[in-house]
$ cat query-v5.txt   # compact mmCIF, C-alpha atoms and all ligand atoms
# COMPACT_ATOMS: atom_id res chain seq x y z
CA MET A 1 -5.32 4.90 -16.94
CA ALA A 2 -1.60 4.92 -16.28
CA ARG A 3 0.72 6.82 -18.58
CA SER A 4 1.40 4.40 -21.36
CA TYR A 5 5.00 3.35 -21.55
CA VAL A 6 3.85 0.70 -24.01
CA ALA A 7 3.65 3.40 -26.69
CA GLU A 8 6.89 4.97 -25.42
CA ALA A 9 8.67 1.63 -25.86
CA ARG A 10 7.57 1.62 -29.49
CA ARG A 11 8.64 5.23 -29.94
CA ARG A 12 12.09 4.49 -28.54
CA GLY A 13 12.39 1.38 -30.68
CA LEU A 14 12.94 -0.91 -27.68
CA GLY A 15 11.17 -3.86 -29.27
CA ARG A 16 8.02 -5.78 -28.47
CA ARG A 17 7.07 -6.83 -24.95
CA ARG A 18 7.49 -10.49 -25.89
CA ASP A 19 11.03 -9.84 -27.06
CA ARG A 20 12.04 -7.73 -24.05
CA ILE A 21 10.63 -10.01 -21.34
CA GLY A 22 13.37 -12.67 -21.66
CA PRO A 23 16.28 -10.30 -21.00
CA ILE A 24 14.26 -8.48 -18.32
CA VAL A 25 13.73 -11.69 -16.34
CA GLU A 26 17.27 -12.88 -16.93
CA ARG A 27 18.92 -9.64 -15.79
CA LEU A 28 16.67 -9.24 -12.76
CA ALA A 29 17.31 -12.86 -11.74
CA ARG A 30 21.05 -12.22 -11.88
CA GLU A 31 20.73 -8.92 -10.01
CA HIS A 32 18.38 -10.20 -7.31
CA ALA A 33 19.38 -13.84 -6.92
CA ASP A 34 18.11 -13.66 -3.33
CA ALA A 35 14.61 -12.51 -4.32
CA THR A 36 12.17 -14.72 -2.47
CA ILE A 37 9.22 -14.24 -0.18
CA ALA A 38 10.25 -12.32 2.93
CA LEU A 39 7.64 -13.91 5.20
CA ARG A 40 8.83 -16.65 7.56
CA PHE A 41 6.83 -19.86 7.85
CA ARG A 42 7.41 -23.58 8.40
CA SER A 43 4.23 -25.13 7.03
CA ASP A 44 1.51 -24.53 4.46
CA VAL A 45 -0.89 -23.31 7.14
CA GLU A 46 1.71 -20.89 8.52
CA LEU A 47 2.28 -19.60 4.98
CA LEU A 48 -1.44 -18.97 4.54
CA ILE A 49 -1.75 -17.21 7.92
CA SER A 50 1.35 -15.06 7.24
CA VAL A 51 0.07 -13.92 3.87
CA MET A 52 -3.35 -13.12 5.35
CA LEU A 53 -1.69 -11.07 8.10
CA SER A 54 0.52 -9.19 5.64
CA ALA A 55 -2.34 -7.10 4.25
CA GLN A 56 -1.71 -3.40 4.95
CA THR A 57 1.51 -3.97 6.87
CA THR A 58 5.15 -4.90 6.28
CA ASP A 59 6.57 -8.42 6.09
CA VAL A 60 9.02 -7.48 8.87
CA ASN A 61 6.11 -6.64 11.13
CA VAL A 62 4.31 -9.88 10.30
CA ASN A 63 7.45 -11.93 11.02
CA ARG A 64 7.78 -10.24 14.40
CA VAL A 65 4.19 -11.21 15.29
CA THR A 66 4.23 -14.73 13.86
CA GLU A 67 7.40 -15.69 15.69
CA ARG A 68 5.32 -16.02 18.85
CA LEU A 69 1.99 -16.73 17.19
CA PHE A 70 3.21 -19.91 15.53
CA GLU A 71 4.54 -21.24 18.82
CA LYS A 72 1.09 -20.90 20.35
CA TYR A 73 -1.08 -21.90 17.35
CA ARG A 74 0.26 -25.00 15.66
CA ARG A 75 -2.78 -26.48 13.90
CA PRO A 76 -5.88 -24.98 12.23
CA GLU A 77 -7.96 -26.14 15.23
CA ASP A 78 -5.89 -23.99 17.58
CA TYR A 79 -7.16 -20.77 15.98
CA LEU A 80 -10.74 -21.86 16.73
CA ALA A 81 -10.03 -23.13 20.24
CA VAL A 82 -9.50 -19.68 21.75
CA PRO A 83 -12.03 -16.84 22.05
CA PRO A 84 -11.77 -14.43 19.08
CA GLU A 85 -10.63 -11.67 21.46
CA GLU A 86 -7.56 -13.67 22.39
CA LEU A 87 -6.52 -14.11 18.76
CA GLU A 88 -7.21 -10.41 18.20
CA GLN A 89 -4.72 -9.61 20.95
CA ASP A 90 -2.16 -12.00 19.53
CA ILE A 91 -2.20 -10.40 16.07
CA PHE A 92 -2.96 -6.86 17.21
CA ALA A 93 0.37 -5.43 16.00
CA THR A 94 -0.36 -6.33 12.35
CA GLY A 95 -3.28 -3.88 12.24
CA PHE A 96 -6.87 -4.49 11.14
CA TYR A 97 -6.81 -7.18 13.79
CA ARG A 98 -10.58 -7.62 14.10
CA GLN A 99 -11.10 -8.24 10.40
CA LYS A 100 -8.00 -10.42 10.18
CA THR A 101 -9.15 -12.51 13.15
CA LYS A 102 -12.51 -13.05 11.48
CA SER A 103 -10.86 -14.02 8.21
CA ILE A 104 -8.32 -16.36 9.81
CA ARG A 105 -10.93 -18.15 11.89
CA GLY A 106 -13.24 -18.43 8.90
CA ALA A 107 -10.45 -19.76 6.71
CA MET A 108 -9.36 -22.31 9.33
CA ARG A 109 -12.96 -23.51 9.70
CA VAL A 110 -13.32 -24.06 5.94
CA LEU A 111 -9.88 -25.75 5.83
CA LEU A 112 -11.04 -28.22 8.47
CA GLU A 113 -14.53 -28.76 7.08
CA GLU A 114 -13.73 -29.03 3.39
CA PHE A 115 -10.04 -29.71 2.95
CA ASP A 116 -9.08 -32.06 5.81
CA GLY A 117 -7.11 -29.26 7.43
CA GLU A 118 -4.78 -29.00 4.41
CA VAL A 119 -4.16 -25.83 2.39
CA PRO A 120 -5.54 -26.46 -1.12
CA ARG A 121 -3.38 -25.89 -4.22
CA ARG A 122 -6.01 -24.82 -6.72
CA LEU A 123 -6.66 -21.09 -6.96
CA ASP A 124 -10.42 -21.63 -7.08
CA ASP A 125 -10.29 -23.60 -3.82
CA LEU A 126 -8.08 -21.02 -2.13
CA LEU A 127 -10.52 -18.31 -3.15
CA ARG A 128 -13.27 -20.15 -1.27
CA LEU A 129 -11.51 -19.45 2.03
CA PRO A 130 -13.00 -16.43 3.82
CA GLY A 131 -10.73 -13.39 3.66
CA VAL A 132 -8.61 -14.85 0.84
CA ALA A 133 -8.68 -12.60 -2.21
CA ARG A 134 -6.90 -13.11 -5.50
CA LYS A 135 -3.56 -11.64 -4.43
CA THR A 136 -3.34 -13.80 -1.30
CA ALA A 137 -4.41 -16.89 -3.25
CA ASN A 138 -1.79 -16.22 -5.93
CA VAL A 139 0.99 -15.76 -3.37
CA VAL A 140 0.08 -18.97 -1.54
CA ALA A 141 -0.32 -21.06 -4.70
CA ALA A 142 3.00 -19.81 -6.08
CA GLU A 143 4.88 -20.53 -2.83
CA LEU A 144 3.42 -24.03 -2.80
CA GLY A 145 4.84 -24.58 -6.28
CA HIS A 146 1.52 -24.29 -8.12
CA ALA A 147 1.49 -20.76 -9.56
CA GLN A 148 -1.73 -20.24 -11.50
CA GLY A 149 -1.50 -16.50 -11.84
CA ILE A 150 0.92 -13.63 -11.23
CA VAL A 151 0.89 -11.69 -7.98
CA VAL A 152 0.27 -7.98 -8.54
CA ASP A 153 1.15 -5.74 -5.61
CA THR A 154 2.10 -2.07 -5.60
CA HIS A 155 5.69 -2.74 -6.81
CA VAL A 156 4.60 -5.16 -9.54
CA ARG A 157 2.03 -2.66 -10.72
CA ARG A 158 4.47 0.27 -10.86
CA LEU A 159 7.29 -1.65 -12.52
CA SER A 160 5.04 -3.39 -15.05
CA GLN A 161 3.78 0.02 -16.09
CA ARG A 162 7.21 1.63 -16.24
CA LEU A 163 8.62 -1.27 -18.21
CA GLY A 164 5.78 -0.90 -20.71
CA LEU A 165 4.42 -4.39 -20.03
CA THR A 166 0.90 -3.08 -19.41
CA ARG A 167 -1.06 0.09 -20.01
CA ASN A 168 -3.58 -0.82 -17.32
CA ASP A 169 -4.01 0.34 -13.74
CA ASP A 170 -6.36 -2.32 -12.43
CA PRO A 171 -4.52 -5.30 -10.82
CA VAL A 172 -6.69 -7.93 -12.52
CA ARG A 173 -6.03 -6.44 -15.95
CA ILE A 174 -2.33 -6.02 -15.21
CA GLU A 175 -2.16 -9.68 -14.22
CA ARG A 176 -3.88 -10.67 -17.46
CA ASP A 177 -1.38 -8.58 -19.48
CA LEU A 178 1.57 -10.12 -17.65
CA GLN A 179 0.24 -13.64 -18.15
CA ARG A 180 0.33 -12.99 -21.90
CA VAL A 181 4.03 -12.12 -21.98
CA VAL A 182 5.74 -13.74 -18.99
CA PRO A 183 6.61 -17.41 -19.63
CA ARG A 184 4.54 -19.66 -17.37
CA ALA A 185 7.64 -21.15 -15.80
CA ASP A 186 8.47 -17.68 -14.44
CA TRP A 187 5.05 -16.80 -13.01
CA ALA A 188 6.12 -17.57 -9.43
CA ARG A 189 9.46 -15.75 -9.40
CA PHE A 190 8.58 -12.79 -11.64
CA PRO A 191 6.71 -10.83 -8.92
CA HIS A 192 9.56 -11.41 -6.44
CA LEU A 193 12.03 -10.01 -8.96
CA LEU A 194 9.92 -6.90 -9.54
CA ILE A 195 9.26 -6.44 -5.82
CA TRP A 196 12.97 -6.56 -4.95
CA HIS A 197 13.92 -4.39 -7.90
CA GLY A 198 11.22 -1.92 -6.83
CA ARG A 199 12.53 -1.83 -3.27
CA ARG A 200 16.21 -1.56 -4.18
CA ILE A 201 16.36 0.41 -7.43
CA CYS A 202 13.05 1.44 -9.00
CA ASP A 203 11.69 3.50 -6.13
CA ALA A 204 8.20 4.96 -6.59
CA ARG A 205 9.40 8.55 -6.31
CA ARG A 206 13.07 8.43 -7.17
CA PRO A 207 13.92 5.55 -9.46
CA ARG A 208 17.69 5.10 -9.72
CA CYS A 209 17.75 4.65 -13.48
CA ASP A 210 21.49 5.26 -13.71
CA ASP A 211 22.09 2.17 -11.52
CA CYS A 212 19.47 0.01 -13.22
CA VAL A 213 20.31 -3.12 -15.22
CA LEU A 214 17.16 -2.57 -17.29
CA PHE A 215 18.10 0.91 -18.44
CA ASP A 216 18.33 0.03 -22.15
CA LEU A 217 15.12 -2.06 -22.05
CA CYS A 218 12.95 0.38 -20.12
CA PRO A 219 10.76 3.02 -21.80
CA ALA A 220 10.58 4.95 -18.51
CA ALA A 221 14.36 5.18 -18.13
CA ARG A 222 15.46 8.71 -17.42
CA PRO A 223 18.90 10.25 -17.19
CA PRO A 224 19.80 11.35 -13.62
CA GLU A 225 19.23 15.07 -14.25
CA ALA A 226 15.61 14.42 -15.31
CA LEU A 227 14.86 13.13 -11.82
CA LEU A 228 15.87 16.28 -9.99
S1 LIG B 301 15.31 2.23 -15.87
FE1 LIG B 301 14.48 3.50 -14.20
S2 LIG B 301 12.25 3.43 -14.43
FE2 LIG B 301 13.11 1.75 -15.66
S3 LIG B 301 13.06 -0.03 -14.30
FE3 LIG B 301 15.08 0.90 -14.10
S4 LIG B 301 14.89 2.31 -12.35
FE4 LIG B 301 12.82 1.79 -13.03
$ encode --input "query-v5.txt" --output "structure tokens" --more "lines below"
Ligand code: SF4
Amino acid sequence: MARSYVAEARRRGLGRRRDRIGPIVERLAREHADATIALRFRSDVELLISVMLSAQTTDVNVNRVTERLFEKYRRPEDYLAVPPEELEQDIFATGFYRQKTKSIRGAMRVLLEEFDGEVPRRLDDLLRLPGVARKTANVVAAELGHAQGIVVDTHVRRLSQRLGLTRNDDPVRIERDLQRVVPRADWARFPHLLIWHGRRICDARRPRCDDCVLFDLCPAARPPEALL
């Protein structure tokens, strides 16, 4: 169980989660107006493939690989038309290339067989695609304008805990806690805001609290000397 900043928020008199979430979203949106998905794609299928490839690697790395990949593979059928070894080579640089090849081919097969080659919008349908777990499904659904959950990655987890929005450590429970306080209209952009804030300000090891727009709303806020 993570250290509970939920109790710390109460101790510091910062107010309830429901009351703090509005200003948190508002300030982060102002601070990170450019916060969007960093993966590059031109179609729903490319989005799905990019997100599947992004497991255990950086978005920059995925973009480098997909620049060529998406020139060669344009439709779901194309991923099944080559021997698996060829696709493995083409995505090698993203790591875990054997497993990812298996997942991508499996997902493309189900897309063609059950969804007319189109990426479904419903989370339950996305979760039926091989190799698509909850996080991937949430990212894809949100990008397609149909957020049905809240993406929880390492940044979202850390910041949600520090901001006292959850006392849980498990991504599924964190998502459930966030769904209770974050307005539904913000489910798609909220993770992007936390991810960019995590990258730019609220670093895992050295959060820059003195530069943070959430300083007075955050139960984990520390003066600079406490970080040394
Ligand atoms: S005040 Fe510090 S711990 Fe809280 S969100 Fe900002 S950088 Fe992170």
$ residues_near_ligand --input "query-v5.txt" --ligand "ligand LIG 301 (chain B)" --cutoff "9 Å" --atoms "all atoms listed in the file" --output "PyMOL selection string"
chain A and resi 158-160+162-163+194+197-198+201-204+206-223
$ residues_around --input "query-v5.txt" --residues "Leu127 in chain A" --least-positions-apart "5" --cutoff "10 Å" --atoms "only C-alpha atoms" --output "PyMOL selection string"
chain A and resi 107+120+122+132-138
$ atom_distance --input "query-v5.txt" --atom1 "CA of Val25 in chain A" --atom2 "CA of Asp59 in chain A"
23.8 Å
$ axis_aligned_box --input "query-v5.txt" --around "range 95-107 of chain A" --padding-each-side "8 Å" --output "JSON"
{"center_x": -8.3, "center_y": -11.8, "center_z": 10.4, "size_x": 26.0, "size_y": 31.9, "size_z": 23.4}
$ residues_around --input "query-v5.txt" --residues "range 15-22 of chain A" --least-positions-apart "3" --cutoff "10 Å" --atoms "only C-alpha atoms" --output "VMD selection string"
chain A and resid 6 9 to 12 25 to 27 163 to 166 178 180 to 183 214 217 to 218
$ write_last_selection --input "query-v5.txt" --atoms "C-alpha atoms" --output "mmCIF file, in the frame of the given file"
data_model
loop_
_atom_site.group_PDB
_atom_site.id
_atom_site.type_symbol
_atom_site.label_atom_id
_atom_site.label_comp_id
_atom_site.auth_asym_id
_atom_site.auth_seq_id
_atom_site.Cartn_x
_atom_site.Cartn_y
_atom_site.Cartn_z
ATOM 1 C CA VAL A 6 3.850 0.700 -24.010
ATOM 2 C CA ALA A 9 8.670 1.630 -25.860
ATOM 3 C CA ARG A 10 7.570 1.620 -29.490
ATOM 4 C CA ARG A 11 8.640 5.230 -29.940
ATOM 5 C CA ARG A 12 12.090 4.490 -28.540
ATOM 6 C CA VAL A 25 13.730 -11.690 -16.340
ATOM 7 C CA GLU A 26 17.270 -12.880 -16.930
ATOM 8 C CA ARG A 27 18.920 -9.640 -15.790
ATOM 9 C CA LEU A 163 8.620 -1.270 -18.210
ATOM 10 C CA GLY A 164 5.780 -0.900 -20.710
ATOM 11 C CA LEU A 165 4.420 -4.390 -20.030
ATOM 12 C CA THR A 166 0.900 -3.080 -19.410
ATOM 13 C CA LEU A 178 1.570 -10.120 -17.650
ATOM 14 C CA ARG A 180 0.330 -12.990 -21.900
ATOM 15 C CA VAL A 181 4.030 -12.120 -21.980
ATOM 16 C CA VAL A 182 5.740 -13.740 -18.990
ATOM 17 C CA PRO A 183 6.610 -17.410 -19.630
ATOM 18 C CA LEU A 214 17.160 -2.570 -17.290
ATOM 19 C CA LEU A 217 15.120 -2.060 -22.050
ATOM 20 C CA CYS A 218 12.950 0.380 -20.120
#
$ closest_residue --input "query-v5.txt" --among "A:Val45, A:Ala188, A:Leu14, A:Ile195" --to "Arg157 in chain A" --atoms "only C-alpha atoms"
A:Ile195
$ closest_residue --input "query-v5.txt" --among "A:Glu113, A:Glu143, A:Asp169, A:Glu175" --to "Leu39 in chain A" --atoms "all atoms listed in the file"
A:Glu143
$ atom_distance --input "query-v5.txt" --atom1 "CA of Ala33 in chain A" --atom2 "CA of Gln161 in chain A"
22.8 Å
$ closest_residue --input "query-v5.txt" --among "A:Val172, A:Leu69, A:Met52, A:Val140" --to "Lys102 in chain A" --atoms "all atoms listed in the file"
A:Met52
$ residues_around --input "query-v5.txt" --residues "Arg189 in chain A" --least-positions-apart "3" --cutoff "12 Å" --atoms "only C-alpha atoms" --output "ChimeraX atom specification"
/A:25-26,28-29,32-37,138-139,142-143,145-147,149-151,156,182-186,192-196
$ atom_distance --input "query-v5.txt" --atom1 "CA of Arg200 in chain A" --atom2 "CA of Ile91 in chain A"
28.8 Å
$ closest_residue --input "query-v5.txt" --among "A:Val152, A:Val62, A:Ile174, A:Leu80" --to "Ile104 in chain A" --atoms "all atoms listed in the file"
A:Leu80
$ closest_residue --input "query-v5.txt" --among "A:Ile49, A:Arg128, A:Arg176, A:Tyr97" --to "Val110 in chain A" --atoms "all atoms listed in the file"
A:Arg128
$ residues_around --input "query-v5.txt" --residues "Arg109 in chain A" --least-positions-apart "5" --cutoff "9 Å" --atoms "all atoms listed in the file" --output "list in words"
Pro76, Glu77, Tyr79, Leu80, Ile104, Glu114, Gly117 and Leu129 of chain A
$ closest_residue --input "query-v5.txt" --among "A:Asp153, A:Asp90, A:Glu46, A:Asp78" --to "Phe190 in chain A" --atoms "only C-alpha atoms"
A:Asp153
$ decode --input "query-v5.txt" --residues "range 102-147 of chain A" --atoms "C-alpha atoms" --output "PDB file, in the first residue's frame"
ATOM      1  CA  LYS A 102       2.110 -12.432 -31.975  1.00  0.00           C
ATOM      2  CA  SER A 103      -0.215  -9.893 -30.384  1.00  0.00           C
ATOM      3  CA  ILE A 104      -0.380  -7.633 -33.439  1.00  0.00           C
ATOM      4  CA  ARG A 105      -1.093 -10.492 -35.813  1.00  0.00           C
ATOM      5  CA  GLY A 106      -3.699 -11.910 -33.450  1.00  0.00           C
ATOM      6  CA  ALA A 107      -5.348  -8.524 -33.047  1.00  0.00           C
ATOM      7  CA  MET A 108      -5.403  -7.894 -36.812  1.00  0.00           C
ATOM      8  CA  ARG A 109      -6.963 -11.320 -37.394  1.00  0.00           C
ATOM      9  CA  VAL A 110      -9.765 -10.632 -34.897  1.00  0.00           C
ATOM     10  CA  LEU A 111     -10.259  -7.132 -36.365  1.00  0.00           C
ATOM     11  CA  LEU A 112     -10.789  -8.678 -39.793  1.00  0.00           C
ATOM     12  CA  GLU A 113     -12.897 -11.609 -38.651  1.00  0.00           C
ATOM     13  CA  GLU A 114     -15.159  -9.863 -36.165  1.00  0.00           C
ATOM     14  CA  PHE A 115     -15.033  -6.130 -36.766  1.00  0.00           C
ATOM     15  CA  ASP A 116     -14.820  -5.713 -40.562  1.00  0.00           C
ATOM     16  CA  GLY A 117     -11.240  -4.527 -40.211  1.00  0.00           C
ATOM     17  CA  GLU A 118     -12.316  -1.533 -38.089  1.00  0.00           C
ATOM     18  CA  VAL A 119     -11.013  -0.741 -34.604  1.00  0.00           C
ATOM     19  CA  PRO A 120     -13.971  -1.084 -32.203  1.00  0.00           C
ATOM     20  CA  ARG A 121     -14.910   1.734 -29.807  1.00  0.00           C
ATOM     21  CA  ARG A 122     -16.274  -0.258 -26.887  1.00  0.00           C
ATOM     22  CA  LEU A 123     -13.782  -1.200 -24.196  1.00  0.00           C
ATOM     23  CA  ASP A 124     -15.185  -4.730 -23.966  1.00  0.00           C
ATOM     24  CA  ASP A 125     -14.639  -5.242 -27.698  1.00  0.00           C
ATOM     25  CA  LEU A 126     -11.114  -3.824 -27.577  1.00  0.00           C
ATOM     26  CA  LEU A 127     -10.304  -6.183 -24.723  1.00  0.00           C
ATOM     27  CA  ARG A 128     -11.215  -9.121 -26.968  1.00  0.00           C
ATOM     28  CA  LEU A 129      -8.244  -8.362 -29.211  1.00  0.00           C
ATOM     29  CA  PRO A 130      -5.238 -10.564 -28.386  1.00  0.00           C
ATOM     30  CA  GLY A 131      -2.492  -8.655 -26.591  1.00  0.00           C
ATOM     31  CA  VAL A 132      -4.790  -5.739 -25.712  1.00  0.00           C
ATOM     32  CA  ALA A 133      -4.978  -5.249 -21.956  1.00  0.00           C
ATOM     33  CA  ARG A 134      -6.943  -2.629 -20.065  1.00  0.00           C
ATOM     34  CA  LYS A 135      -4.361   0.147 -20.345  1.00  0.00           C
ATOM     35  CA  THR A 136      -4.021  -0.236 -24.125  1.00  0.00           C
ATOM     36  CA  ALA A 137      -7.802  -0.434 -24.535  1.00  0.00           C
ATOM     37  CA  ASN A 138      -8.286   2.702 -22.438  1.00  0.00           C
ATOM     38  CA  VAL A 139      -5.689   4.667 -24.426  1.00  0.00           C
ATOM     39  CA  VAL A 140      -7.214   3.650 -27.767  1.00  0.00           C
ATOM     40  CA  ALA A 141     -10.817   4.300 -26.711  1.00  0.00           C
ATOM     41  CA  ALA A 142      -9.901   7.714 -25.302  1.00  0.00           C
ATOM     42  CA  GLU A 143      -7.997   8.747 -28.441  1.00  0.00           C
ATOM     43  CA  LEU A 144     -10.973   7.697 -30.552  1.00  0.00           C
ATOM     44  CA  GLY A 145     -13.160  10.025 -28.498  1.00  0.00           C
ATOM     45  CA  HIS A 146     -14.883   7.288 -26.489  1.00  0.00           C
ATOM     46  CA  ALA A 147     -13.122   7.260 -23.118  1.00  0.00           C
TER      47      ALA A 147
END
